[in-house]
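Student: I have a structure I would like to understand better, so I am pasting it below and will then ask my questions one at a time.
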Amino acid sequence: MKVSKDKGRSHHGSPSAWEGCNLGGSGPLNLSPAQLEARVCMDSTHRRFWLQWRTARNLNPGFVFDSFTLQLNSAQLLANPSSHHFLAFLRENTEEDDDFLGEKHGVLVSSSRRPFASCYHNYYLFQVLIFASLLGAEKTDSQFLLFPNATSGERHSPEYCAMYDICGERSDGKVLNCPYGTPAVKPDEFLSAKIQSLCPMISGNVCCTEAQFDTLRAQVQQAIPFLVGCPACLRNFLNLFCELSCSPNQSLFINVTSIAKGNCSSTVDGIDFYVSDAFGEGLYNSCKDVKFGTMNTRAIQFIGAGARNFKEWFAFIGQQADLGMPGSPYAINFKSRPESSGMELMNVSIYSCGDTSLGCSCGDCPSSPVCSDYEPPSPQQKDACSISLGSVKVKCIEFSLAILYIVLVSAFFGWGLFHRTRERRRIPASNMKPLLNFEDEKLTTLKVHEMVPQETNVQLSAVQGYMSSFYRQYGTWVAKNPSLVLCMSLAVVLILCLGLIRFKVETRPEKLWVGPGSRAAEEKNFFDSHLAPFYRIEQLILATMPDIKSGKSSSIVSDDNIQLLFEIQKKVDGLRANYSGSVVSLTDICLKPMGQDCATQSVLQYFKMDPENYYGYGGVQHVEYCFQHYTSADTCMSAFKAPLDPSTASAFIVTYPVNNAIGGAGNENGKAVAWEKAFVQLVKDELLSMVQSRNLTLSFSSESSIEEELKRESTADVITISISYLVMFAYISITLGDVSRLSSFYVSSKVLLGLSGVIVVMLSVLGSVGFFSAIGVKSTLIIMEVIPFLVLAVGVDNMCILVHAVKRQSLDLPLEGRISNALVEVGPSITLASLSEVLAFAVGSFIPMPACRVFSMFAALAVLLDFLLQVTAFVALIVFDFMRAEDNRIDCFPCIKIPSSSVESDEGINQRKPGGLLAWYMQEVHAPILGIWGVKIFVIAAFFAFTLASIALCTRIEPGLEQQIVLPRDSYLQGYFNNVSEYLRIGPPLYFVVKDYNYSSDSRHTNQLCSINQCDSNSLLNEISRASLVPESSYIAKPAASWLDDFLVWMSPEAFGCCRKFVNGSYCPPDDQPPCCSPDEGYCDLGGVCKDCTTCFRHSDLNSGRPSTEQFREKLPWFLNALPSADCAKGGHGAYTSSVDLNGYESSVIQASEFRTYHTPLNKQVDYVNSMRAAREFSSRVSDALKIQIFPYSVFYMFFEQYLDIWRTALINIAIALGAVFIVCLVITSSVWSSAIILLVLAMIIVDLMGVMACLDIQLNAVSVVNLIMSIGIAVEFCVHISHAFSVSQGDRNQRAKLALGTMGASVFSGITLTKLVGVIVLCFSKSEIFVVYYFQMYLALVLIGFLHGLVFLPVILSMIGPPSMHVPIKQQEDEPSSSALLG
């Protein structure tokens, strides 16, 4: 046996510490108990013995000790092993064998050889006095006598102990066993009952004293709350330590291998513990899945340091704890093979966690037979439907669309050949000659329009006829009264603008992106009002720079970086903000769940947030140690007395949780916002430079950062938007004017008219904003930036079309006639396009997201006002401008008149053909090419291929709206969001909220919710635990923290250190908490004010382990106010303070309670959407099965709820918009044929635009849905003008298509395509990513796709299957159908 001779010396101090401690010389000495206590040197162990003896003897102050002689009953002294150990101890240290006189009737202890001149002898005399008296009180019998030479020998046999009694203690108060072998001792009835209560496997003789058993009980008391929820695990765990401490056959499987010898005693310093692998494996398997709900993890993390097998667990248990650290005071070496003869393996019965007699819940024991019917759901299979073509795997939808395309193209090609052949056979060559001659004629645009609008030979629908009649009369009236029309229209708009007095901007994210009637919003309000609002988060992420060559980041854990973190923390702690004249610091607003310390989540918590502890704790080594033992090592406990889950090795993530007020209002939130602004400014001004100088990166965020950055975004693109407007204005001025000759430019230009048109657009926007502001609708920043651009882009088209239509009229007509004819010509198509746009925009108001709904409302009214102002104020302005030009007045300076002689050559200036070159191209080049049969087939095939491919691509569009896109490109949050997705190892908190939990004895709700023994196998918490086993489909990372489980365990009689009461029935805290234990003392006195505390309940007080209704009602507040500590880790204060709504709980119904877990890391928007969908599906399934109201809640749900059915919302709104446009077209044209073609082209444009979205990785969200809906309205302009011109043209379909392109093609290209293109291109320089993605990319794609469909695909379709012409000569109406009708 190895003996260490220098260990244990510190337990009683060095010999010099005893010098001068004399009891009074060598003469007789009479002392009272108080005098003896004051003059004898004692350590804490002997002081406890002394107090127990003094209390047992009930000594009064007059009692006197004779320090020379003391008669003891020899039978009592010599028959008890404790006395033998003490006598051996005394003999070993005094070397005075002759002083011990064993007599028949007593023992004389004297100082005949050595007077009491040293404190050593006084100390030993005092110990004899105490032990002898205690032995007299114990009345313990024994048949054996241990002689001194037995202490060094080894004996391994049944009923024999390897270490018995306590012979000392460490400086941290942990007691140490005696290293002396002795026969097992029969305990008295009281001690036997105590041992049986904890160790029912042990009966008869034992190898532990009452003091040893109390130590065992106190040590396992800390582990019991972790395991009591699974009785099988707890029983196996207790059996291990019961056999170690009290088994009568202790010497068979325990061998003392190391002894620490001090000045006063020898103690055990190391043992070998022989345990069978079967027991170790069974113990581990029964405990490995047991949950510790408070920390959302497994109990093995705390009591086994995350051991992955029983050998690792035994290695952790057997480590000799450092001073002040939890664990064994001596080393325990677990072995599975006996190395000495006579030794055996400890192999007591093992209990399986699936044992029904000691049944654990499915959450604690997934392998239990009762849980076999509840297998976790298998991960969802993605892309299940696919077809393999050789080595290529194709999705079913893609394969189906390819087959459909081949069928459609083949059918179309066959139909085309058949139709062309039939036409050639039916129509004689003589009848085709006029058509060929007509097709060869080069008609001018003017001639076309002279014959098209005439009512005498055009059969219009009733609505079109009414509109033409209205516009003819209205145009004449406006031309005669331009001033009146202008003043009246401006007056109406200015009245609407008065509403701007009540103009307000909404910047709160929850008000912008969450509908008030949404389920997520209602659930958030319920959670906040009944439990507690989720705390505000301020965060720093300190990371290393990646290596240039490898691209990998080095470890952040170094002395320099931790010291830097301390410097950063010092500045944050010293930060002060001003709020309404008061100073606000972090400690004023931070979350303090356990007392006065902020719950800051930082690696510095491993040093209690104190830089003075850094080197004392071990620096970097301590951090790395805590990364592995943060749940089990006391030194790794945070300053706010809770374990701290470590961050990653490549980044320090520091989180400051801050209190949050309900509804985001109140004085507390005002303080928090003020501090957050100061915090962000501190990081920008000081911390960033500190970090960057160390070659590190620092990203940061506060709770109010997004809102503040959104406000900043409102001014970030002012210059870009202004340039866009200026470019469009310049283009309008050039397009509207005539530049045939430089000499007449100052008269023919339309700069003033273009500027007036821009002002009209601005007035329409202001009128819309004013109207909605007047009725209390708040605006958004995006409205002020996008709507003017949008309305300008839409309005420019009508302005160009109106001006060009007036120019096309003959100068022979008076100005009133030209204005009237122009309105008759283009008025119906402008009205159709504008009403379609208004309806399409208005459909967007059905979007549940407030920002997009308000945007659509404002845009719809702005477009409507713009249309009304264009046909009123702008027409009046056209009249004024043409009057100016005819009067030879200079543009922009109409007061200056030019002599007529200088512009005589430009007499027909206002009759110039609009877009001469462009019109020529459209009629002479573009239209003939599209008239070629092969080109038509190619166009149809290509456009249908694009559409079908876009349908396949649409399935790849992901829902969501990346936060980085919403913010300015230069926002500090851009880097923060990137780092969050890279470094965070856990997802957002997830709460399962239970409504109206009935805890009465008559209700089954308790067993339907909990997850400890006797709970239903399909209970809520068991289902959550089961779902956490398949995180890839459930998105649940951990079992839930259950206040109910911990409350039931806390009340359990087995957790005897938790629910306790004083004699008067009031709550008694654990022994390691005040008032039972003073925090200033190094250990707690078991004989203090809490010595009479008893457990709240006995087993007989509970009904099948469950409390009665009254017991539940009474003890729940105790539990929620109980502080967790080493003696009882199940206290609910801090972890569950806000988990239960106690309002009205006296009625046996808890209105709201929550069970907390976490989502898996969510890096993409689709992850957030899928996690929310999975949580809702899970809670719905469990709620239906249990008949209990349950819903999931997480802080991001209300922002992502819209994406759960965003596809449904998009398709419904697109369908409604298309239907609205179709109805408008049908009402105005009275032609189902024409309306159907327009509907087909619009649908193709939208589908193709969604295909481009998939290619550009543009996500589907409320912004893109609104854009798609508005794209329908904008795309109408590409179609309706060409379609209307086709309908009123004369000739066969080919001729009418050519005439339509010649008439309106140039206006559509220059007035619609180019104006939008010019304005959109400028947006690519925007600082806001949302402008670039959703307004530049999407609108650019829309313009290009709309142009191709309007000027390429639509003319081809019309030339092949277009509707009959409305241009029917009267004489042909009377005689016979027209040739064109025959061809139709």
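Residue names in the structure tokens use chain letters A, B, ... in the order shown, residue numbers from 1 in each chain, and ligand numbers from 1 in the order shown.
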Taking only residues of stretch 931-1005 of chain A that have an atom at most 8 Å from an atom of stretch 1261-1273 of chain A, what is each one's shortest atom pair and its distance in Å to one decimal, using only C-alpha atoms, in chain and number order, as a tab-separated table?

Tutor:
residue	atom	partner	partner_atom	distance
A:Pro959	CA	A:Asn1261	CA	6.0
A:Gly960	CA	A:Asn1261	CA	5.5
A:Leu961	CA	A:Asn1261	CA	6.1

Student: Find the residues around A:Ser1287 up to 9 Å (only C-alpha atoms counted), leave out those fewer than 4 positions away in its own chain, and share them as a list of chain:residue names.

Tutor: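 The residues that qualify are A:Ser1234, A:Ile1282, A:Ser1283, A:Arg1296, A:Ala1300, A:Gly1362, A:Pro1363, A:Pro1364, A:Ser1365, A:Met1366, A:His1367.
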
Student: How would the residues just chosen look if you wrote them out with all heavy atoms as a PDB file, in the first residue's frame?

Tutor:
ATOM      1  N   SER A1234     -60.506  39.269 -77.975  1.00  0.00           N
ATOM      2  CA  SER A1234     -59.415  40.209 -77.727  1.00  0.00           C
ATOM      3  C   SER A1234     -58.986  40.191 -76.264  1.00  0.00           C
ATOM      4  O   SER A1234     -57.785  40.207 -75.950  1.00  0.00           O
ATOM      5  CB  SER A1234     -59.851  41.620 -78.132  1.00  0.00           C
ATOM      6  OG  SER A1234     -58.834  42.565 -77.860  1.00  0.00           O
ATOM      7  N   ILE A1282     -51.441  48.086 -78.711  1.00  0.00           N
ATOM      8  CA  ILE A1282     -51.280  47.310 -79.941  1.00  0.00           C
ATOM      9  C   ILE A1282     -52.580  46.569 -80.266  1.00  0.00           C
ATOM     10  O   ILE A1282     -53.033  46.533 -81.421  1.00  0.00           O
ATOM     11  CB  ILE A1282     -50.104  46.314 -79.799  1.00  0.00           C
ATOM     12  CG1 ILE A1282     -48.787  47.070 -79.561  1.00  0.00           C
ATOM     13  CG2 ILE A1282     -50.005  45.415 -81.025  1.00  0.00           C
ATOM     14  CD1 ILE A1282     -48.311  47.875 -80.739  1.00  0.00           C
ATOM     15  N   SER A1283     -53.182  45.977 -79.239  1.00  0.00           N
ATOM     16  CA  SER A1283     -54.424  45.228 -79.460  1.00  0.00           C
ATOM     17  C   SER A1283     -55.545  46.134 -79.940  1.00  0.00           C
ATOM     18  O   SER A1283     -56.316  45.773 -80.842  1.00  0.00           O
ATOM     19  CB  SER A1283     -54.822  44.518 -78.161  1.00  0.00           C
ATOM     20  OG  SER A1283     -56.044  43.840 -78.316  1.00  0.00           O
ATOM     21  N   ARG A1296     -53.396  44.048 -90.627  1.00  0.00           N
ATOM     22  CA  ARG A1296     -53.769  44.783 -89.412  1.00  0.00           C
ATOM     23  C   ARG A1296     -52.648  44.743 -88.372  1.00  0.00           C
ATOM     24  O   ARG A1296     -52.423  45.713 -87.637  1.00  0.00           O
ATOM     25  CB  ARG A1296     -55.060  44.202 -88.837  1.00  0.00           C
ATOM     26  CG  ARG A1296     -56.276  44.526 -89.699  1.00  0.00           C
ATOM     27  CD  ARG A1296     -57.413  43.558 -89.467  1.00  0.00           C
ATOM     28  NE  ARG A1296     -57.800  43.511 -88.074  1.00  0.00           N
ATOM     29  CZ  ARG A1296     -58.433  42.481 -87.494  1.00  0.00           C
ATOM     30  NH1 ARG A1296     -58.730  41.419 -88.233  1.00  0.00           N
ATOM     31  NH2 ARG A1296     -58.768  42.529 -86.232  1.00  0.00           N
ATOM     32  N   ALA A1300     -50.981  48.031 -86.984  1.00  0.00           N
ATOM     33  CA  ALA A1300     -50.944  48.279 -85.542  1.00  0.00           C
ATOM     34  C   ALA A1300     -49.533  48.598 -85.083  1.00  0.00           C
ATOM     35  O   ALA A1300     -49.309  49.515 -84.270  1.00  0.00           O
ATOM     36  CB  ALA A1300     -51.498  47.068 -84.797  1.00  0.00           C
ATOM     37  N   GLY A1362     -55.896  36.536 -84.292  1.00  0.00           N
ATOM     38  CA  GLY A1362     -56.449  37.763 -83.762  1.00  0.00           C
ATOM     39  C   GLY A1362     -57.950  37.876 -83.981  1.00  0.00           C
ATOM     40  O   GLY A1362     -58.535  37.179 -84.828  1.00  0.00           O
ATOM     41  N   PRO A1363     -58.618  38.757 -83.216  1.00  0.00           N
ATOM     42  CA  PRO A1363     -60.066  38.930 -83.342  1.00  0.00           C
ATOM     43  C   PRO A1363     -60.430  39.636 -84.648  1.00  0.00           C
ATOM     44  O   PRO A1363     -59.573  40.269 -85.286  1.00  0.00           O
ATOM     45  CB  PRO A1363     -60.408  39.801 -82.129  1.00  0.00           C
ATOM     46  CG  PRO A1363     -59.167  40.576 -81.867  1.00  0.00           C
ATOM     47  CD  PRO A1363     -58.034  39.653 -82.213  1.00  0.00           C
ATOM     48  N   PRO A1364     -61.691  39.562 -85.068  1.00  0.00           N
ATOM     49  CA  PRO A1364     -62.111  40.240 -86.292  1.00  0.00           C
ATOM     50  C   PRO A1364     -61.970  41.750 -86.151  1.00  0.00           C
ATOM     51  O   PRO A1364     -61.961  42.292 -85.049  1.00  0.00           O
ATOM     52  CB  PRO A1364     -63.583  39.844 -86.422  1.00  0.00           C
ATOM     53  CG  PRO A1364     -63.749  38.630 -85.572  1.00  0.00           C
ATOM     54  CD  PRO A1364     -62.762  38.771 -84.465  1.00  0.00           C
ATOM     55  N   SER A1365     -61.888  42.413 -87.288  1.00  0.00           N
ATOM     56  CA  SER A1365     -61.722  43.853 -87.283  1.00  0.00           C
ATOM     57  C   SER A1365     -63.044  44.548 -86.982  1.00  0.00           C
ATOM     58  O   SER A1365     -64.120  44.089 -87.364  1.00  0.00           O
ATOM     59  CB  SER A1365     -61.214  44.326 -88.649  1.00  0.00           C
ATOM     60  OG  SER A1365     -61.164  45.729 -88.706  1.00  0.00           O
ATOM     61  N   MET A1366     -62.940  45.645 -86.240  1.00  0.00           N
ATOM     62  CA  MET A1366     -64.105  46.476 -86.005  1.00  0.00           C
ATOM     63  C   MET A1366     -64.351  47.440 -87.165  1.00  0.00           C
ATOM     64  O   MET A1366     -65.371  48.127 -87.199  1.00  0.00           O
ATOM     65  CB  MET A1366     -63.918  47.288 -84.708  1.00  0.00           C
ATOM     66  CG  MET A1366     -63.887  46.448 -83.460  1.00  0.00           C
ATOM     67  SD  MET A1366     -63.684  47.476 -82.002  1.00  0.00           S
ATOM     68  CE  MET A1366     -63.612  46.225 -80.717  1.00  0.00           C
ATOM     69  N   HIS A1367     -63.403  47.512 -88.091  1.00  0.00           N
ATOM     70  CA  HIS A1367     -63.521  48.432 -89.227  1.00  0.00           C
ATOM     71  C   HIS A1367     -64.319  47.724 -90.320  1.00  0.00           C
ATOM     72  O   HIS A1367     -63.769  46.998 -91.134  1.00  0.00           O
ATOM     73  CB  HIS A1367     -62.123  48.811 -89.727  1.00  0.00           C
ATOM     74  CG  HIS A1367     -62.143  49.905 -90.744  1.00  0.00           C
ATOM     75  ND1 HIS A1367     -62.425  49.683 -92.073  1.00  0.00           N
ATOM     76  CD2 HIS A1367     -61.910  51.243 -90.622  1.00  0.00           C
ATOM     77  CE1 HIS A1367     -62.366  50.811 -92.736  1.00  0.00           C
ATOM     78  NE2 HIS A1367     -62.050  51.785 -91.873  1.00  0.00           N
TER      79      HIS A1367
END

Student: Give me the residues near A:Val871 as number ranges by chain, where near means some atom within 12 Å (using only C-alpha atoms) and where sequence neighbours in that chain fewer than 4 positions away do not count.

Tutor: A: 471, 474-475, 478-479, 482, 485-486, 489, 757, 760, 795, 798-799, 801-803, 819-820, 822-824, 826-828, 830-831, 834, 864-867, 875-879

Student: Write out as a list in words each polymer residue whose atoms come within 9 Å of stretch 996-999 of chain A, counting only C-alpha atoms; drop sequence neighbours fewer than 2 positions from it.

Tutor: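 Returned residues: Val994, Ser1001, Asp1002, Ser1003, Arg1004, His1005, Thr1006, Ser1108, Thr1109, Phe1112, Arg1113, Ser1147, Ser1148, Val1149, Ile1150, Gln1151, Ala1152, Ser1153, Ile1188 and Gln1189 of chain A.
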
Student: Please give the complete set of residues from stretch 1131-1185 of chain A that DSSP, run on the backbone, assigns to helix (DSSP H, G or I), formatted as a list in words.

Tutor: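 Residues meeting the helix (DSSP H, G or I) criterion: Tyr1145, Glu1146, Ser1147, Gln1165, Val1166, Asp1167, Tyr1168, Val1169, Asn1170, Ser1171, Met1172, Arg1173, Ala1174, Ala1175, Arg1176, Glu1177, Phe1178, Ser1179, Ser1180, Arg1181, Val1182, Ser1183, Asp1184 and Ala1185 of chain A.
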
Student: Give me, as a VMD selection string, the residues of stretch 871-1117 of chain A that a backbone DSSP run labels strand (DSSP E or B).

Tutor: chain A and resid 889 to 890 893 to 897 959 968 989 to 998 1036 1041 1060 to 1061 1067 to 1068 1094 to 1095 1103 1106

Student: What is the atom CA of A:Asp559 to atom CA of A:Val620 distance in Å?

Tutor: 6.2 Å

Student: Find the residues around A:Asn1022 up to 6 Å (only C-alpha atoms counted), leave out those fewer than 2 positions away in its own chain, and share them as a list in words.

Tutor: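 Final neighbour list, sorted by chain and number: Cys362, Gly363, Ser1011, Ser1019, Leu1020, Ile1024 and Ser1025 of chain A.
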
Student: Can you write out the residues you just picked, keeping all heavy atoms, as a PDB file, in the first residue's frame?

Tutor:
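Writing done, so here's part-v8.pdb:
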ATOM      1  N   CYS A 362     -40.615   8.271 -21.779  1.00  0.00           N
ATOM      2  CA  CYS A 362     -40.022   8.085 -23.104  1.00  0.00           C
ATOM      3  C   CYS A 362     -38.963   9.135 -23.386  1.00  0.00           C
ATOM      4  O   CYS A 362     -38.015   8.887 -24.129  1.00  0.00           O
ATOM      5  CB  CYS A 362     -41.115   8.137 -24.169  1.00  0.00           C
ATOM      6  SG  CYS A 362     -42.265   6.750 -24.104  1.00  0.00           S
ATOM      7  N   GLY A 363     -39.134  10.314 -22.801  1.00  0.00           N
ATOM      8  CA  GLY A 363     -38.120  11.346 -22.996  1.00  0.00           C
ATOM      9  C   GLY A 363     -36.810  11.000 -22.334  1.00  0.00           C
ATOM     10  O   GLY A 363     -35.739  11.345 -22.827  1.00  0.00           O
ATOM     11  N   SER A1011     -42.842  14.705 -18.459  1.00  0.00           N
ATOM     12  CA  SER A1011     -42.011  13.689 -19.115  1.00  0.00           C
ATOM     13  C   SER A1011     -41.154  12.910 -18.124  1.00  0.00           C
ATOM     14  O   SER A1011     -40.144  12.337 -18.507  1.00  0.00           O
ATOM     15  CB  SER A1011     -41.111  14.343 -20.172  1.00  0.00           C
ATOM     16  OG  SER A1011     -40.217  15.259 -19.561  1.00  0.00           O
ATOM     17  N   SER A1019     -46.979  12.224 -24.119  1.00  0.00           N
ATOM     18  CA  SER A1019     -47.155  13.552 -23.531  1.00  0.00           C
ATOM     19  C   SER A1019     -46.443  14.600 -24.365  1.00  0.00           C
ATOM     20  O   SER A1019     -45.594  14.288 -25.213  1.00  0.00           O
ATOM     21  CB  SER A1019     -46.619  13.582 -22.101  1.00  0.00           C
ATOM     22  OG  SER A1019     -45.207  13.454 -22.101  1.00  0.00           O
ATOM     23  N   LEU A1020     -46.778  15.845 -24.117  1.00  0.00           N
ATOM     24  CA  LEU A1020     -46.182  16.945 -24.881  1.00  0.00           C
ATOM     25  C   LEU A1020     -44.668  16.928 -24.788  1.00  0.00           C
ATOM     26  O   LEU A1020     -43.963  17.003 -25.804  1.00  0.00           O
ATOM     27  CB  LEU A1020     -46.735  18.286 -24.370  1.00  0.00           C
ATOM     28  CG  LEU A1020     -46.025  19.543 -24.888  1.00  0.00           C
ATOM     29  CD1 LEU A1020     -46.177  19.658 -26.395  1.00  0.00           C
ATOM     30  CD2 LEU A1020     -46.547  20.788 -24.193  1.00  0.00           C
ATOM     31  N   ILE A1024     -41.834  16.301 -27.641  1.00  0.00           N
ATOM     32  CA  ILE A1024     -40.784  17.278 -27.969  1.00  0.00           C
ATOM     33  C   ILE A1024     -39.420  16.611 -27.929  1.00  0.00           C
ATOM     34  O   ILE A1024     -38.576  16.813 -28.819  1.00  0.00           O
ATOM     35  CB  ILE A1024     -40.837  18.470 -27.003  1.00  0.00           C
ATOM     36  CG1 ILE A1024     -42.139  19.248 -27.174  1.00  0.00           C
ATOM     37  CG2 ILE A1024     -39.639  19.393 -27.219  1.00  0.00           C
ATOM     38  CD1 ILE A1024     -42.336  20.345 -26.145  1.00  0.00           C
ATOM     39  N   SER A1025     -39.202  15.798 -26.890  1.00  0.00           N
ATOM     40  CA  SER A1025     -37.926  15.090 -26.783  1.00  0.00           C
ATOM     41  C   SER A1025     -37.730  14.143 -27.955  1.00  0.00           C
ATOM     42  O   SER A1025     -36.628  14.036 -28.502  1.00  0.00           O
ATOM     43  CB  SER A1025     -37.877  14.316 -25.465  1.00  0.00           C
ATOM     44  OG  SER A1025     -36.667  13.618 -25.338  1.00  0.00           O
TER      45      SER A1025
END

Student: Using only C-alpha atoms, which of the listed residues (A:Val777, A:Ala885, A:Asn1013, A:Cys852) sits closest to A:Leu234?

Tutor: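 Between A:Val777, A:Ala885, A:Asn1013, A:Cys852, the residue approaching A:Leu234 most closely is A:Asn1013.
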
Student: Skip stretch 1328-1342 of chain A itself and residues of its chain fewer than 6 positions away, then list as a VMD selection string all residues within 10 Å of it, counting only C-alpha atoms.

Tutor: chain A and resid 710 713 to 714 716 to 717 782 785 to 786 790 961 to 971 1245 to 1246 1248 to 1250 1252 to 1253 1256 to 1259 1263 to 1264 1267 to 1268 1271 to 1272 1274 to 1275 1313 1316 to 1322 1348

Student: Excluding A:Tyr1067 and any residue of its chain fewer than 6 positions from it, enumerate the residues within 9 Å of it, using only C-alpha atoms, and give them as a list in words.

Tutor: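 Listing them by chain and then by number gives Cys1059, Arg1060, Lys1061, Cys1096 and Trp1118 of chain A.
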
Student: Using N, CA and C atoms, can you write the selected residues to a file as a compact mmCIF listing (two decimals), in the first residue's frame?

Tutor:
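Result written to out_19.txt:
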# COMPACT_ATOMS: atom_id res chain seq x y z
N CYS A 1059 -37.63 20.56 -1.63
CA CYS A 1059 -38.85 21.06 -0.99
C CYS A 1059 -38.82 20.71 0.48
N ARG A 1060 -38.54 21.72 1.31
CA ARG A 1060 -38.44 21.51 2.76
C ARG A 1060 -39.23 22.59 3.47
N LYS A 1061 -39.57 22.30 4.71
CA LYS A 1061 -40.35 23.26 5.48
C LYS A 1061 -39.84 23.29 6.92
N CYS A 1096 -41.13 18.40 2.48
CA CYS A 1096 -42.52 18.85 2.43
C CYS A 1096 -43.49 17.69 2.53
N TRP A 1118 -43.69 28.47 -4.03
CA TRP A 1118 -42.43 28.14 -3.37
C TRP A 1118 -41.38 27.76 -4.42
